[in-house]
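Raw work.pdb, PDB, C-alpha atoms and all ligand atoms:
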```
ATOM      1  CA  MET A  27      -2.149 -24.581 -14.251
ATOM      2  CA  SER A  28      -5.734 -23.342 -14.290
ATOM      3  CA  ASP A  29      -8.930 -23.849 -12.377
ATOM      4  CA  ALA A  30     -12.340 -23.488 -14.002
ATOM      5  CA  LEU A  31     -12.257 -19.695 -13.785
ATOM      6  CA  LEU A  32      -8.660 -18.535 -13.755
ATOM      7  CA  GLU A  33      -5.369 -19.225 -15.441
ATOM      8  CA  ILE A  34      -2.733 -19.557 -12.728
ATOM      9  CA  ARG A  35       0.960 -19.474 -13.668
ATOM     10  CA  PRO A  36       3.207 -20.284 -10.679
ATOM     11  CA  MET A  37       6.408 -18.212 -10.648
ATOM     12  CA  THR A  38       8.492 -20.326  -8.259
ATOM     13  CA  ARG A  39       8.008 -23.648  -6.454
ATOM     14  CA  GLN A  40       7.580 -21.898  -3.094
ATOM     15  CA  ILE A  41       5.736 -18.644  -3.621
ATOM     16  CA  GLY A  42       4.049 -16.408  -6.174
ATOM     17  CA  ALA A  43       1.780 -16.871  -9.168
ATOM     18  CA  GLU A  44       0.523 -14.699 -11.990
ATOM     19  CA  ILE A  45      -3.230 -14.841 -12.454
ATOM     20  CA  PHE A  46      -5.046 -14.285 -15.738
ATOM     21  CA  GLY A  47      -8.722 -14.239 -16.661
ATOM     22  CA  VAL A  48     -10.278 -11.701 -14.319
ATOM     23  CA  ASP A  49     -11.033  -7.982 -14.478
ATOM     24  CA  LEU A  50     -10.642  -6.821 -10.885
ATOM     25  CA  SER A  51     -12.521  -3.560 -11.538
ATOM     26  CA  GLN A  52     -15.773  -5.470 -12.050
ATOM     27  CA  PRO A  53     -18.095  -6.897  -9.376
ATOM     28  CA  LEU A  54     -16.929 -10.461  -8.648
ATOM     29  CA  ASP A  55     -19.294 -13.337  -7.953
ATOM     30  CA  GLN A  56     -18.761 -15.775  -5.076
ATOM     31  CA  ALA A  57     -17.117 -18.379  -7.278
ATOM     32  CA  MET A  58     -14.559 -15.894  -8.583
ATOM     33  CA  VAL A  59     -13.798 -14.569  -5.092
ATOM     34  CA  ALA A  60     -13.322 -18.165  -3.920
ATOM     35  CA  ALA A  61     -11.031 -18.940  -6.874
ATOM     36  CA  ILE A  62      -8.852 -15.897  -6.143
ATOM     37  CA  HIS A  63      -8.790 -16.735  -2.432
ATOM     38  CA  ASP A  64      -7.838 -20.362  -3.177
ATOM     39  CA  ALA A  65      -4.976 -19.189  -5.408
ATOM     40  CA  LEU A  66      -3.782 -16.856  -2.651
ATOM     41  CA  MET A  67      -3.841 -19.670  -0.082
ATOM     42  CA  VAL A  68      -1.658 -21.842  -2.321
ATOM     43  CA  HIS A  69       0.753 -19.239  -3.746
ATOM     44  CA  GLN A  70       0.758 -16.686  -0.863
ATOM     45  CA  VAL A  71       1.185 -13.738  -3.233
ATOM     46  CA  ILE A  72      -0.659 -13.405  -6.536
ATOM     47  CA  PHE A  73      -0.112 -10.909  -9.329
ATOM     48  CA  PHE A  74      -2.434  -9.481 -11.980
ATOM     49  CA  ARG A  75      -1.539  -7.418 -15.076
ATOM     50  CA  ASP A  76      -3.348  -4.671 -16.987
ATOM     51  CA  GLN A  77      -5.897  -3.827 -14.330
ATOM     52  CA  HIS A  78      -7.527  -0.395 -14.207
ATOM     53  CA  PHE A  79      -9.633   0.551 -11.235
ATOM     54  CA  THR A  80     -10.900   3.544  -9.306
ATOM     55  CA  HIS A  81     -10.417   4.011  -5.565
ATOM     56  CA  ALA A  82     -14.009   2.840  -4.975
ATOM     57  CA  GLU A  83     -13.371  -0.283  -7.062
ATOM     58  CA  HIS A  84     -10.114  -0.905  -5.189
ATOM     59  CA  LYS A  85     -11.990  -0.821  -1.880
ATOM     60  CA  ARG A  86     -14.751  -3.059  -3.222
ATOM     61  CA  LEU A  87     -12.133  -5.573  -4.328
ATOM     62  CA  GLY A  88     -10.520  -5.584  -0.879
ATOM     63  CA  ARG A  89     -13.855  -5.970   0.899
ATOM     64  CA  TYR A  90     -14.554  -9.255  -0.892
ATOM     65  CA  PHE A  91     -11.844 -10.693   1.377
ATOM     66  CA  GLY A  92     -12.626  -8.918   4.659
ATOM     67  CA  GLU A  93     -13.077  -5.575   6.360
ATOM     68  CA  LEU A  94     -10.524  -2.915   5.422
ATOM     69  CA  ALA A  95      -7.966  -1.795   8.027
ATOM     70  CA  LEU A  96      -6.791   1.749   8.681
ATOM     71  CA  HIS A  97      -3.042   2.392   8.804
ATOM     72  CA  SER A  98      -1.871   3.602  12.220
ATOM     73  CA  GLY A  99       1.274   5.313  10.904
ATOM     74  CA  VAL A 100       0.255   6.815   7.568
ATOM     75  CA  ALA A 101      -2.898   8.831   6.837
ATOM     76  CA  GLY A 102      -5.143   7.473   4.111
ATOM     77  CA  LEU A 103      -6.372   9.476   1.119
ATOM     78  CA  PRO A 104      -8.640  12.410   2.125
ATOM     79  CA  ASP A 105     -11.834  10.857   0.730
ATOM     80  CA  HIS A 106     -10.738   7.236   1.129
ATOM     81  CA  PRO A 107      -9.105   6.754   4.544
ATOM     82  CA  GLU A 108      -8.792   2.997   3.927
ATOM     83  CA  ILE A 109      -6.469   3.630   0.959
ATOM     84  CA  VAL A 110      -2.837   4.630   1.479
ATOM     85  CA  ALA A 111      -0.723   6.117  -1.284
ATOM     86  CA  ILE A 112       2.501   4.257  -2.013
ATOM     87  CA  HIS A 113       4.505   6.980  -3.692
ATOM     88  CA  ALA A 114       8.144   7.949  -4.203
ATOM     89  CA  ASP A 115       9.694  10.619  -6.403
ATOM     90  CA  ALA A 116      12.630  13.036  -6.580
ATOM     91  CA  ASN A 117      11.494  14.733  -3.348
ATOM     92  CA  SER A 118      11.231  11.548  -1.289
ATOM     93  CA  THR A 119      13.511  11.085   1.698
ATOM     94  CA  TYR A 120      12.157   7.618   2.515
ATOM     95  CA  ILE A 121       9.781   5.098   0.968
ATOM     96  CA  ALA A 122       7.312   2.649   2.449
ATOM     97  CA  GLY A 123       8.583  -0.863   2.906
ATOM     98  CA  ASP A 124      12.247  -0.962   1.866
ATOM     99  CA  ASN A 125      12.924  -3.458   4.625
ATOM    100  CA  TRP A 126      11.728  -7.024   5.235
ATOM    101  CA  HIS A 127       8.376  -6.880   6.999
ATOM    102  CA  SER A 128       4.801  -8.016   7.076
ATOM    103  CA  ASP A 129       2.357  -5.122   7.126
ATOM    104  CA  LEU A 130       1.266  -3.823  10.518
ATOM    105  CA  SER A 131       2.429  -6.907  12.413
ATOM    106  CA  GLU A 132       2.469  -4.651  15.497
ATOM    107  CA  TYR A 133      -1.372  -4.616  15.544
ATOM    108  CA  ASP A 134      -3.094  -6.914  18.052
ATOM    109  CA  GLU A 135      -4.824  -8.391  14.992
ATOM    110  CA  PRO A 136      -2.346  -8.002  12.098
ATOM    111  CA  PRO A 137      -3.857  -7.793   8.590
ATOM    112  CA  MET A 138      -4.704 -10.920   6.582
ATOM    113  CA  GLY A 139      -3.509  -9.292   3.386
ATOM    114  CA  SER A 140      -2.834  -6.227   1.285
ATOM    115  CA  ILE A 141      -3.732  -5.374  -2.302
ATOM    116  CA  LEU A 142      -1.294  -2.996  -3.989
ATOM    117  CA  TYR A 143      -2.136  -1.361  -7.322
ATOM    118  CA  MET A 144       0.699   0.447  -9.080
ATOM    119  CA  HIS A 145      -0.081   2.815 -11.949
ATOM    120  CA  THR A 146       3.246   4.674 -12.395
ATOM    121  CA  LEU A 147       6.575   2.858 -12.527
ATOM    122  CA  PRO A 148      10.144   3.776 -13.359
ATOM    123  CA  ASP A 149      11.534   2.351 -16.616
ATOM    124  CA  SER A 150      13.663  -0.018 -14.580
ATOM    125  CA  GLY A 151      13.913  -0.891 -10.897
ATOM    126  CA  GLY A 152      11.227  -0.628  -8.225
ATOM    127  CA  ASP A 153      10.661  -4.379  -7.939
ATOM    128  CA  THR A 154       9.113  -5.940  -4.839
ATOM    129  CA  LEU A 155      10.503  -9.120  -3.255
ATOM    130  CA  PHE A 156       8.265 -11.530  -1.346
ATOM    131  CA  SER A 157       9.477 -14.308   0.927
ATOM    132  CA  SER A 158       7.448 -17.348   2.024
ATOM    133  CA  MET A 159       7.407 -17.744   5.788
ATOM    134  CA  TYR A 160       6.109 -21.333   5.331
ATOM    135  CA  ALA A 161       9.249 -22.139   3.354
ATOM    136  CA  ALA A 162      11.421 -20.323   5.893
ATOM    137  CA  TYR A 163       9.917 -22.330   8.752
ATOM    138  CA  ASP A 164      10.019 -25.639   6.901
ATOM    139  CA  ALA A 165      13.724 -25.167   6.089
ATOM    140  CA  LEU A 166      14.716 -24.971   9.767
ATOM    141  CA  SER A 167      16.056 -28.064  11.524
ATOM    142  CA  PRO A 168      13.607 -29.988  13.751
ATOM    143  CA  ALA A 169      15.640 -28.872  16.799
ATOM    144  CA  MET A 170      15.383 -25.182  15.844
ATOM    145  CA  ARG A 171      11.652 -25.531  15.082
ATOM    146  CA  ALA A 172      11.090 -27.139  18.501
ATOM    147  CA  PHE A 173      13.032 -24.293  20.167
ATOM    148  CA  LEU A 174      11.068 -21.552  18.363
ATOM    149  CA  ASP A 175       7.582 -23.124  18.450
ATOM    150  CA  PRO A 176       6.605 -22.069  22.019
ATOM    151  CA  LEU A 177       8.236 -18.604  21.955
ATOM    152  CA  THR A 178       6.539 -15.222  21.687
ATOM    153  CA  ALA A 179       7.987 -11.899  20.556
ATOM    154  CA  VAL A 180       7.234  -8.189  20.740
ATOM    155  CA  HIS A 181       6.243  -6.360  17.528
ATOM    156  CA  ASP A 182       6.635  -2.601  17.765
ATOM    157  CA  SER A 183       6.547   0.247  15.254
ATOM    158  CA  ASN A 184       7.295   3.196  17.580
ATOM    159  CA  HIS A 185      11.018   3.320  16.755
ATOM    160  CA  ILE A 186      10.248   3.440  13.007
ATOM    161  CA  TYR A 187       7.675   6.232  13.013
ATOM    162  CA  ARG A 188       9.521   8.310  15.668
ATOM    163  CA  GLU A 189      12.522   8.377  13.339
ATOM    164  CA  LEU A 190      10.449   9.136  10.236
ATOM    165  CA  PHE A 191       8.113  11.671  11.864
ATOM    166  CA  PRO A 192       9.973  13.115  14.899
ATOM    167  CA  ASP A 193       7.464  15.991  15.218
ATOM    168  CA  VAL A 194       4.416  13.755  15.599
ATOM    169  CA  GLN A 195       3.522  13.093  19.249
ATOM    170  CA  LYS A 196       1.803   9.754  18.974
ATOM    171  CA  THR A 197       2.092   6.266  20.411
ATOM    172  CA  TYR A 198       1.895   3.486  17.850
ATOM    173  CA  PRO A 199       0.747  -0.114  18.442
ATOM    174  CA  CYS A 200       2.991  -2.645  20.144
ATOM    175  CA  ASN A 201       1.873  -6.255  20.699
ATOM    176  CA  THR A 202       3.191  -9.720  21.517
ATOM    177  CA  HIS A 203       2.694 -12.532  19.007
ATOM    178  CA  PRO A 204       3.906 -16.128  18.610
ATOM    179  CA  VAL A 205       7.278 -16.459  16.855
ATOM    180  CA  VAL A 206       5.735 -19.310  14.863
ATOM    181  CA  ARG A 207       2.092 -18.860  13.963
ATOM    182  CA  THR A 208      -0.439 -21.283  12.541
ATOM    183  CA  HIS A 209      -2.140 -19.985   9.422
ATOM    184  CA  PRO A 210      -5.871 -19.838  10.217
ATOM    185  CA  VAL A 211      -6.929 -21.216   6.808
ATOM    186  CA  THR A 212      -4.188 -23.620   5.692
ATOM    187  CA  LYS A 213      -3.232 -24.647   9.269
ATOM    188  CA  ARG A 214       0.426 -24.637   8.162
ATOM    189  CA  LYS A 215       3.058 -23.210  10.500
ATOM    190  CA  CYS A 216       5.056 -20.169   9.453
ATOM    191  CA  LEU A 217       7.626 -17.813  10.950
ATOM    192  CA  PHE A 218       6.158 -14.551  12.195
ATOM    193  CA  VAL A 219       9.081 -12.281  13.089
ATOM    194  CA  SER A 220      10.550  -9.487  11.000
ATOM    195  CA  GLU A 221      13.735  -7.480  10.968
ATOM    196  CA  SER A 222      11.969  -4.126  11.111
ATOM    197  CA  LYS A 223       9.168  -4.719  13.618
ATOM    198  CA  THR A 224      10.173  -7.555  15.986
ATOM    199  CA  THR A 225      12.144  -5.988  18.815
ATOM    200  CA  ARG A 226      12.431  -8.717  21.457
ATOM    201  CA  ILE A 227      11.844 -12.437  21.984
ATOM    202  CA  ASN A 228      10.214 -12.924  25.375
ATOM    203  CA  GLY A 229      11.847 -15.207  27.936
ATOM    204  CA  LEU A 230      15.354 -14.891  26.461
ATOM    205  CA  SER A 231      18.123 -12.592  27.651
ATOM    206  CA  LYS A 232      18.698  -9.447  25.601
ATOM    207  CA  ALA A 233      21.810 -10.959  23.999
ATOM    208  CA  GLU A 234      20.056 -14.278  23.254
ATOM    209  CA  SER A 235      17.036 -12.485  21.805
ATOM    210  CA  SER A 236      19.220 -10.302  19.550
ATOM    211  CA  ALA A 237      21.196 -13.312  18.331
ATOM    212  CA  VAL A 238      18.085 -15.354  17.511
ATOM    213  CA  LEU A 239      16.369 -12.400  15.795
ATOM    214  CA  ARG A 240      19.553 -11.709  13.788
ATOM    215  CA  PHE A 241      19.652 -15.351  12.688
ATOM    216  CA  LEU A 242      15.957 -15.332  11.703
ATOM    217  CA  ALA A 243      16.263 -11.986   9.880
ATOM    218  CA  ASP A 244      19.105 -13.425   7.790
ATOM    219  CA  HIS A 245      17.252 -16.716   7.310
ATOM    220  CA  VAL A 246      14.138 -15.141   5.738
ATOM    221  CA  LYS A 247      16.348 -13.425   3.126
ATOM    222  CA  ASP A 248      17.308 -16.787   1.599
ATOM    223  CA  PRO A 249      16.486 -16.495  -2.148
ATOM    224  CA  ASN A 250      15.139 -20.052  -2.056
ATOM    225  CA  PHE A 251      12.039 -18.749  -0.283
ATOM    226  CA  GLN A 252      11.484 -15.763  -2.557
ATOM    227  CA  VAL A 253       9.815 -14.415  -5.653
ATOM    228  CA  ARG A 254      10.723 -11.049  -7.184
ATOM    229  CA  PHE A 255       7.981  -9.136  -8.948
ATOM    230  CA  ARG A 256       8.740  -6.833 -11.871
ATOM    231  CA  TRP A 257       5.942  -4.290 -11.955
ATOM    232  CA  GLN A 258       4.398  -2.785 -15.062
ATOM    233  CA  PRO A 259       1.942   0.120 -15.023
ATOM    234  CA  HIS A 260      -1.435  -1.184 -13.752
ATOM    235  CA  SER A 261      -0.110  -4.344 -12.149
ATOM    236  CA  VAL A 262      -1.663  -5.572  -8.901
ATOM    237  CA  ALA A 263      -0.101  -7.643  -6.122
ATOM    238  CA  PHE A 264      -2.289  -9.330  -3.507
ATOM    239  CA  TRP A 265      -0.287 -10.877  -0.665
ATOM    240  CA  ASP A 266      -1.236 -13.004   2.309
ATOM    241  CA  ASN A 267       0.349 -10.963   5.065
ATOM    242  CA  ARG A 268       0.188 -13.837   7.587
ATOM    243  CA  CYS A 269       2.644 -16.127   5.814
ATOM    244  CA  THR A 270       4.833 -13.759   3.758
ATOM    245  CA  GLN A 271       7.189 -10.845   4.176
ATOM    246  CA  HIS A 272       8.043  -8.331   1.487
ATOM    247  CA  PHE A 273      10.702  -5.761   0.599
ATOM    248  CA  ALA A 274      10.207  -2.843  -1.812
ATOM    249  CA  VAL A 275      13.465  -2.033  -3.594
ATOM    250  CA  TRP A 276      14.277   1.702  -3.829
ATOM    251  CA  ASP A 277      16.813   1.623  -6.647
ATOM    252  CA  TYR A 278      15.061   4.126  -8.937
ATOM    253  CA  PHE A 279      15.602   7.517  -7.216
ATOM    254  CA  PRO A 280      14.887  10.222  -8.467
ATOM    255  CA  ASP A 281      12.227   8.593 -10.662
ATOM    256  CA  THR A 282       8.582   8.287  -9.722
ATOM    257  CA  ARG A 283       6.830   5.105  -8.607
ATOM    258  CA  SER A 284       3.228   5.487  -7.528
ATOM    259  CA  GLY A 285       0.152   3.503  -6.584
ATOM    260  CA  THR A 286      -2.344   2.764  -3.848
ATOM    261  CA  ARG A 287      -2.834   0.011  -1.292
ATOM    262  CA  VAL A 288      -5.744  -1.355   0.700
ATOM    263  CA  THR A 289      -5.139  -3.574   3.696
ATOM    264  CA  ILE A 290      -7.564  -6.257   4.865
ATOM    265  CA  LYS A 291      -8.101  -6.914   8.559
ATOM    266  CA  GLY A 292      -6.924 -10.183  10.048
ATOM    267  CA  ASP A 293      -7.137 -11.968  13.367
ATOM    268  CA  ARG A 294      -5.003 -12.595  16.409
ATOM    269  CA  PRO A 295      -2.083 -14.923  15.587
ATOM    270  CA  TYR A 296      -1.933 -18.256  17.445
TER     271      TYR A 296
HETATM  272  C1  LIG A 301       4.582  -2.013   1.101
HETATM  273  O1  LIG A 301       3.360  -2.188   1.137
HETATM  274  O2  LIG A 301       5.312  -2.334   2.021
HETATM  275  C2  LIG A 301       5.175  -1.386  -0.156
HETATM  276  C3  LIG A 301       5.363  -2.416  -1.192
HETATM  277  C4  LIG A 301       5.833  -1.825  -2.495
HETATM  278  O3  LIG A 301       5.870  -0.604  -2.639
HETATM  279  O4  LIG A 301       6.153  -2.592  -3.401
END
```

File written out as structure tokens:
Amino acid sequence: MSDALLEIRPMTRQIGAEIFGVDLSQPLDQAMVAAIHDALMVHQVIFFRDQHFTHAEHKRLGRYFGELALHSGVAGLPDHPEIVAIHADANSTYIAGDNWHSDLSEYDEPPMGSILYMHTLPDSGGDTLFSSMYAAYDALSPAMRAFLDPLTAVHDSNHIYRELFPDVQKTYPCNTHPVVRTHPVTKRKCLFVSESKTTRINGLSKAESSAVLRFLADHVKDPNFQVRFRWQPHSVAFWDNRCTQHFAVWDYFPDTRSGTRVTIKGDRPY
């Protein structure tokens, strides 16, 4: 498939496409930004190969799609607070994102997307899995969709960062969002709960909430909704954080995997 500007190669029927024909380090005109955005709206996560950019160029790329967000749990680079390092090596005791999640869903306005640029990869392993929350929602029975549609749930990151950084005295964001959100651009419905961040469904008993969250956490892991990306040095992944979840596989210890991410602000889910 291709539009006038880009070659777009879908990777599965549900989610993911590789994009060719653009150098992301260069200034992009409106038509190119629109073409990339259109591809993202259709495929939910898009991948680019052989890209080389500086931190300033990474931020410029992100800003074509919105204002950049700061990470509440992880400090950005000293001269580029909007960029977080995604890095693991032989000294790492944890990595970012080896659980199913959408980035910063605990914010009152969770990000619209993230752009991850990886420059150093292990010889094997270190893939990232992405799951389509449109596909996950669409696969539910009408009765389950009707049950979930009006519900809201709490998204909290305090338990995660307290465990990772027990010495840091800080309160992290915690907000309530719809269990099923409507994508602001495509107007499609998608599931918006995750195993790592969603702690409670409002209006249900504790036992009911746990059971429903357990079911949904298992449901989003269905391989039918997923694409698995095999990184190469200088690959880029741009995901729509509103309608996807992702999981970074840490199967390469003690090898090094390293890159940088910018995150683009979003709006309040409805
Ligand atoms: C993340 O942003 O959650 C990390 C993704 C990755 O390292 O592949």

Residues in the PyMOL selection byres (((not hetatm)) within 8 of (chain A and resi 301)), expressed as a ChimeraX atom specification: /A:112-113,121-124,127-129,140,142,152-155,272-275,287

Rounded to one decimal, what separation in Å do you get between CA of Asp175 (chain A) and CA of Arg214 (chain A)? 12.6 Å

Quick check, in Å to one decimal: how far apart do CA of Ile109 (chain A) and CA of Val246 (chain A) lie? 28.3 Å

Take the PyMOL selection byres (((chain A and resi 65-81) around 6) and not hetatm), apply it to the structure above, and return the hits as a list in words.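 When the PyMOL selection byres (((chain A and resi 65-81) around 6) and not hetatm) is applied to the shown file, the picked residues are Ile41, Gly42, Ala43, Glu44, Ile45, Ser51, Ile62, His63, Asp64, Ala82, Glu83, His84, His260, Ser261, Val262, Ala263, Phe264, Trp265 and Asp266 of chain A.
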
Residue selection dump (C-alpha atoms) as a CSV table (one decimal), keeping the file's coordinate frame:
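To be explicit, this is the file written out as out30.csv:
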```csv
chain,number,residue,atom,x,y,z
A,41,ILE,CA,5.7,-18.6,-3.6
A,42,GLY,CA,4.0,-16.4,-6.2
A,43,ALA,CA,1.8,-16.9,-9.2
A,44,GLU,CA,0.5,-14.7,-12.0
A,45,ILE,CA,-3.2,-14.8,-12.5
A,51,SER,CA,-12.5,-3.6,-11.5
A,62,ILE,CA,-8.9,-15.9,-6.1
A,63,HIS,CA,-8.8,-16.7,-2.4
A,64,ASP,CA,-7.8,-20.4,-3.2
A,82,ALA,CA,-14.0,2.8,-5.0
A,83,GLU,CA,-13.4,-0.3,-7.1
A,84,HIS,CA,-10.1,-0.9,-5.2
A,260,HIS,CA,-1.4,-1.2,-13.8
A,261,SER,CA,-0.1,-4.3,-12.1
A,262,VAL,CA,-1.7,-5.6,-8.9
A,263,ALA,CA,-0.1,-7.6,-6.1
A,264,PHE,CA,-2.3,-9.3,-3.5
A,265,TRP,CA,-0.3,-10.9,-0.7
A,266,ASP,CA,-1.2,-13.0,2.3
```

Determine the residue membership of the PyMOL selection byres (((chain A and resi 185-194) around 12) and not hetatm) for the file above and supply it as an mmCIF file with C-alpha atoms, in the coordinates of the input.
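part30.cif, written as the output of this step:
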```cif
data_model
loop_
_atom_site.group_PDB
_atom_site.id
_atom_site.type_symbol
_atom_site.label_atom_id
_atom_site.label_comp_id
_atom_site.auth_asym_id
_atom_site.auth_seq_id
_atom_site.Cartn_x
_atom_site.Cartn_y
_atom_site.Cartn_z
ATOM 1 C CA SER A 98 -1.871 3.602 12.220
ATOM 2 C CA GLY A 99 1.274 5.313 10.904
ATOM 3 C CA VAL A 100 0.255 6.815 7.568
ATOM 4 C CA SER A 118 11.231 11.548 -1.289
ATOM 5 C CA THR A 119 13.511 11.085 1.698
ATOM 6 C CA TYR A 120 12.157 7.618 2.515
ATOM 7 C CA ILE A 121 9.781 5.098 0.968
ATOM 8 C CA ALA A 122 7.312 2.649 2.449
ATOM 9 C CA GLY A 123 8.583 -0.863 2.906
ATOM 10 C CA ASN A 125 12.924 -3.458 4.625
ATOM 11 C CA LEU A 130 1.266 -3.823 10.518
ATOM 12 C CA GLU A 132 2.469 -4.651 15.497
ATOM 13 C CA HIS A 181 6.243 -6.360 17.528
ATOM 14 C CA ASP A 182 6.635 -2.601 17.765
ATOM 15 C CA SER A 183 6.547 0.247 15.254
ATOM 16 C CA ASN A 184 7.295 3.196 17.580
ATOM 17 C CA GLN A 195 3.522 13.093 19.249
ATOM 18 C CA LYS A 196 1.803 9.754 18.974
ATOM 19 C CA THR A 197 2.092 6.266 20.411
ATOM 20 C CA TYR A 198 1.895 3.486 17.850
ATOM 21 C CA PRO A 199 0.747 -0.114 18.442
ATOM 22 C CA CYS A 200 2.991 -2.645 20.144
ATOM 23 C CA GLU A 221 13.735 -7.480 10.968
ATOM 24 C CA SER A 222 11.969 -4.126 11.111
ATOM 25 C CA LYS A 223 9.168 -4.719 13.618
ATOM 26 C CA THR A 224 10.173 -7.555 15.986
ATOM 27 C CA THR A 225 12.144 -5.988 18.815
#
```

For the contact check between region 87-191 of chain A and region 35-38 of chain A, emit one row per residue of region 87-191 of chain A within 12 Å, containing the shortest atom pair and the distance in Å rounded to one decimal, counting all atoms listed in the file, chain then rising number order, as JSON lines.
```
{"residue": "A:Phe156", "atom": "CA", "partner": "A:Thr38", "partner_atom": "CA", "distance": 11.2}
{"residue": "A:Ser157", "atom": "CA", "partner": "A:Thr38", "partner_atom": "CA", "distance": 11.0}
{"residue": "A:Ser158", "atom": "CA", "partner": "A:Thr38", "partner_atom": "CA", "distance": 10.8}
{"residue": "A:Ala161", "atom": "CA", "partner": "A:Thr38", "partner_atom": "CA", "distance": 11.8}
```

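A straight line drawn from CA of Ala243 (chain A) to CA of Leu96 (chain A) is 26.9 Å long.
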
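Nearest to Ala114 (chain A) of all the residues A:Ser236, A:Thr146, A:Asn228, A:Arg294 is A:Thr146, counting all atoms listed in the file.
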
Which polymer residues, whether protein, DNA or RNA, lie within 12 Å of the coordinate (13.9, -9.2, 23.0) when you count only C-alpha atoms? List them as a list in words, using the chain letters and numbers from the file. Leu177, Thr178, Ala179, Val180, His181, Asp182, Thr202, Val205, Val219, Lys223, Thr224, Thr225, Arg226, Ile227, Asn228, Gly229, Leu230, Ser231, Lys232, Ala233, Glu234, Ser235, Ser236, Ala237, Val238, Leu239 and Arg240 of chain A

For Leu94 (chain A), the closest of A:Pro295, A:Pro249, A:Pro136, A:Pro168 counting all atoms listed in the file is A:Pro136

Assuming 4 Å of padding per side, give the centre and edge lengths of the axis-aligned box around every listed atom of region 197-216 of chain A, in Å to one decimal and as lines of an AutoDock Vina configuration file.
```
center_x = 0.2
center_y = -9.2
center_z = 13.6
size_x = 22.2
size_y = 38.9
size_z = 23.8
```

Which residue gives the smallest distance to Lys291 (chain A) among A:Gly139, A:Pro210, A:Gly47, A:Pro107, with all atoms listed in the file counted? A:Gly139

Go through A:Tyr133, A:Lys247, A:Glu33, A:Ala169 and flag the residue nearest His97 (chain A), using all atoms listed in the file for the distances.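 Residue with the minimum atom-to-atom distance to His97 (chain A): A:Tyr133.
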
Between A:Tyr163, A:Trp126, A:Trp257, A:Phe241, single out the one closest to Tyr143 (chain A), counting only C-alpha atoms.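 Ranked by minimum distance to Tyr143 (chain A), first place goes to A:Trp257.
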
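Using all atoms listed in the file for every distance, the candidate list A:Glu135, A:Gly92, A:His245, A:Met144 yields A:His245 as the residue closest to Leu166 (chain A).
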
Within 10 Å of Leu31 (chain A), counting only C-alpha atoms, which residues qualify if same-chain residues fewer than 3 places away don't, as an NGL selection string? :A and (28 or 34 or 46-48 or 57-58 or 61-62)

Residues within 9 Å of Met159 (chain A), please, as a short mmCIF file (atom, residue, chain, number, x, y, z; two decimals) with C-alpha atoms, keeping the file's coordinate frame. Count all atoms listed in the file; anything in the same chain fewer than 2 positions from it doesn't count.
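result.cif, freshly written:
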```cif
data_model
loop_
_atom_site.label_atom_id
_atom_site.label_comp_id
_atom_site.auth_asym_id
_atom_site.auth_seq_id
_atom_site.Cartn_x
_atom_site.Cartn_y
_atom_site.Cartn_z
CA SER A 157 9.48 -14.31 0.93
CA ALA A 161 9.25 -22.14 3.35
CA ALA A 162 11.42 -20.32 5.89
CA TYR A 163 9.92 -22.33 8.75
CA ASP A 164 10.02 -25.64 6.90
CA LYS A 215 3.06 -23.21 10.50
CA CYS A 216 5.06 -20.17 9.45
CA LEU A 217 7.63 -17.81 10.95
CA PHE A 218 6.16 -14.55 12.20
CA VAL A 246 14.14 -15.14 5.74
CA PHE A 251 12.04 -18.75 -0.28
CA ARG A 268 0.19 -13.84 7.59
CA CYS A 269 2.64 -16.13 5.81
CA THR A 270 4.83 -13.76 3.76
CA GLN A 271 7.19 -10.84 4.18
#
```
